[in-house]
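*Asks:* Just dropping this structure here.
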Amino acid sequence: MLYYIILIIFFTFIVIFTRKCYKYIRFRKIDNTDNESEANKMGEIKAVNIPIKADIKDVADWFLLKENMSNKKIQKLCYYAEAWSLVLLDQDISQNSDFEAWVHGPVSKTLYNEFKGFGWQELTITNPVVVKKRLDELFTKEQIEVLESVWDTYGEYGADQLEALTHTEKPWLEQRKGLGKFQSSTRKISKETMKRYYKSIAI
């Protein structure tokens with residue numbers, strides 16, 4: 001009986017958290033247009049053809065300038081940055097932006113290899129002034145707007161909450177189909193599915 005009560009509480013939390021998180025998403029893409037004033041008035045991000053200079057590790061550094069955080073949380077924020085960049089800008093947020101459907105949610109193998117030596121320690125930026133200057137040269141205004149929007153929407157949540165959220169979303173679920181709950185996998189999450197799914201929930 002206790003087991004079923006715990007399950008009910010868990011899934012109730014997921015539903016409430018998901019609705020709360022999506023409530024604050026205000027991502028909307030507009031097509032290329034000369035109507036800049038209308039775009040600015042609506043607070044939307046204009047889709048443009050942007051040269052991709054940054055690596056996925058640069059995306060991680062951008063979020064780490066906001067706060068120190070765990071490996072798991074940085075993985076999830078970078079995943080959402082990629083997802084919403086696909087929706088809003090019609091392109092990747094960075095190079096090396098593939099994510100795999102691991103047990104604990106979407107994971108960039110590049111980031112995993114970069115940060116695995118830190119274990120459970122929080123990741124941090126040791127020279128924020130230098131890093132910020134470098135990132136300002138790598139990301140365009142439009143890309144920064146996407147990153148800021150992702151941070152505003154997801155940044156307040158913990159790593160476990162973000163993991164739980166990704167476990168309710170189609171892109172991760174699609175690639176976990178047929179796998180056991182704790183079965184390892186290197187299946188890549190489809191970017192086309194990401195784009196379609198997150199576009200469908202944008203307000």
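Identifiers for the structure tokens are assigned positionally: chains receive A, B, ... in sequence, residues are indexed from 1 per chain, and ligands are indexed from 1 in the order shown.
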Set the distance at 8 Å and use only C-alpha atoms: which residues neighbour range 98-110 of chain A once local chain neighbours fewer than 4 positions away are removed? I'd like the list as a list in words.
*Replies:*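 In the requested format, the answer is Ile56, Lys57, Gln75, Lys76, Tyr79, Glu114, Glu163, Ala164, Thr166, His167, Trp172, Gln175, Arg176, Lys181, Phe182, Gln183, Ser184, Ser185, Thr186, Arg187, Lys188 and Ile189 of chain A.
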*Asks:* Would you mind listing what lies within 12 Å of Thr126 in chain A as number ranges by chain, with only C-alpha atoms counted and same-chain residues fewer than 5 positions away left out?
*Replies:* A: 61, 64-65, 67-68, 131-132
*Asks:* Residues of range 40-114 of chain A in strand (DSSP E or B) according to DSSP, as a list in words?
*Replies:*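 The residues of range 40-114 of chain A classed as strand (DSSP E or B) are Ile45, Lys46, Asp55, Met69, Gln95, Glu100, Ala101, Trp102, Gly105, Pro106 and Val107 of chain A.
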*Asks:* Using only C-alpha atoms, can you tell me which of A:Leu88, A:Ile125, A:Tyr80, A:Ser97 comes closest to Glu169 in chain A?
*Replies:*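 Looking only at the distances to Glu169 in chain A, the closest residue turns out to be A:Tyr80.
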*Asks:* Please return as a list of chain:residue names: the residues of range 151-195 of chain A that backbone DSSP assigns to helix (DSSP H, G or I).
*Replies:*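 Answer for range 151-195 of chain A, restricted to helix (DSSP H, G or I): A:Trp151, A:Asp152, A:Thr153, A:Tyr154, A:Ala159, A:Asp160, A:Gln161, A:Leu162, A:Glu163, A:Ala164, A:Leu165, A:Thr166, A:Lys170, A:Pro171, A:Trp172, A:Leu173, A:Glu174, A:Gln175, A:Arg176, A:Lys191, A:Glu192, A:Thr193, A:Met194, A:Lys195.
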*Asks:* At what distance in Å, to one decimal, does CA of Met69 in chain A lie from CA of Glu122 in chain A?
*Replies:*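 Answer for the CA of Glu122 in chain A to CA of Met69 in chain A separation: 4.9 Å.
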*Asks:* Any idea what the distance is between CA of Lys116 in chain A and CA of Asp58 in chain A?
*Replies:*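 These two atoms are separated by 16.5 Å.
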*Asks:* Go through A:Ile52, A:Leu111, A:Val87, A:Leu162 and flag the residue nearest Ser200 in chain A, using only C-alpha atoms for the distances.
*Replies:*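 For Ser200 in chain A, the nearest of the given residues is A:Val87.
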*Asks:* List the neighbours of Asp92 in chain A out to 10 Å using only C-alpha atoms; skip same-chain residues closer than 2 positions along the sequence, and give me the result as a ChimeraX atom specification.
*Replies:* /A:50-52,56,81-90,94-98,143,191
*Asks:* Just N, CA and C atoms for this one: save the residues we selected as a compact mmCIF listing (two decimals), in the first residue's frame.
*Replies:*
```
# COMPACT_ATOMS: atom_id res chain seq x y z
N ILE A 50 22.72 31.89 -38.55
CA ILE A 50 23.82 32.28 -37.68
C ILE A 50 24.99 31.31 -37.83
N PRO A 51 26.20 31.81 -38.03
CA PRO A 51 27.36 30.92 -38.04
C PRO A 51 27.59 30.35 -36.64
N ILE A 52 27.80 29.05 -36.57
CA ILE A 52 27.97 28.39 -35.28
C ILE A 52 29.45 28.34 -34.94
N ILE A 56 29.78 22.80 -27.56
CA ILE A 56 28.83 22.52 -26.49
C ILE A 56 29.45 22.85 -25.13
N ALA A 81 18.93 24.09 -24.10
CA ALA A 81 19.46 25.14 -24.97
C ALA A 81 19.47 24.67 -26.42
N GLU A 82 19.90 23.44 -26.63
CA GLU A 82 19.90 22.87 -27.98
C GLU A 82 18.47 22.75 -28.50
N ALA A 83 17.58 22.26 -27.67
CA ALA A 83 16.19 22.05 -28.10
C ALA A 83 15.54 23.35 -28.54
N TRP A 84 15.68 24.38 -27.72
CA TRP A 84 15.00 25.64 -28.05
C TRP A 84 15.71 26.41 -29.16
N SER A 85 16.99 26.19 -29.33
CA SER A 85 17.68 26.78 -30.47
C SER A 85 17.17 26.17 -31.77
N LEU A 86 16.91 24.87 -31.75
CA LEU A 86 16.35 24.21 -32.93
C LEU A 86 14.98 24.78 -33.28
N VAL A 87 14.20 25.09 -32.26
CA VAL A 87 12.86 25.64 -32.48
C VAL A 87 12.93 27.09 -32.95
N LEU A 88 13.71 27.89 -32.26
CA LEU A 88 13.68 29.34 -32.48
C LEU A 88 14.60 29.83 -33.59
N LEU A 89 15.75 29.18 -33.73
CA LEU A 89 16.74 29.64 -34.70
C LEU A 89 16.90 28.69 -35.88
N ASP A 90 16.19 27.57 -35.84
CA ASP A 90 16.27 26.57 -36.91
C ASP A 90 17.67 26.00 -37.06
N SER A 94 25.23 24.94 -30.90
CA SER A 94 26.68 24.83 -30.91
C SER A 94 27.11 23.63 -31.73
N GLN A 95 28.40 23.48 -31.89
CA GLN A 95 28.95 22.26 -32.46
C GLN A 95 28.91 21.16 -31.40
N ASN A 96 29.04 19.91 -31.83
CA ASN A 96 29.02 18.76 -30.90
C ASN A 96 27.79 18.77 -30.02
N SER A 97 26.63 19.01 -30.62
CA SER A 97 25.41 19.21 -29.83
C SER A 97 24.50 18.00 -29.78
N ASP A 98 25.03 16.80 -30.06
CA ASP A 98 24.22 15.59 -29.98
C ASP A 98 24.02 15.17 -28.52
N GLN A 143 21.57 34.06 -30.14
CA GLN A 143 21.90 32.88 -29.35
C GLN A 143 21.87 33.19 -27.85
N LYS A 191 17.04 15.06 -33.30
CA LYS A 191 16.88 16.51 -33.29
C LYS A 191 15.58 16.94 -33.95
```
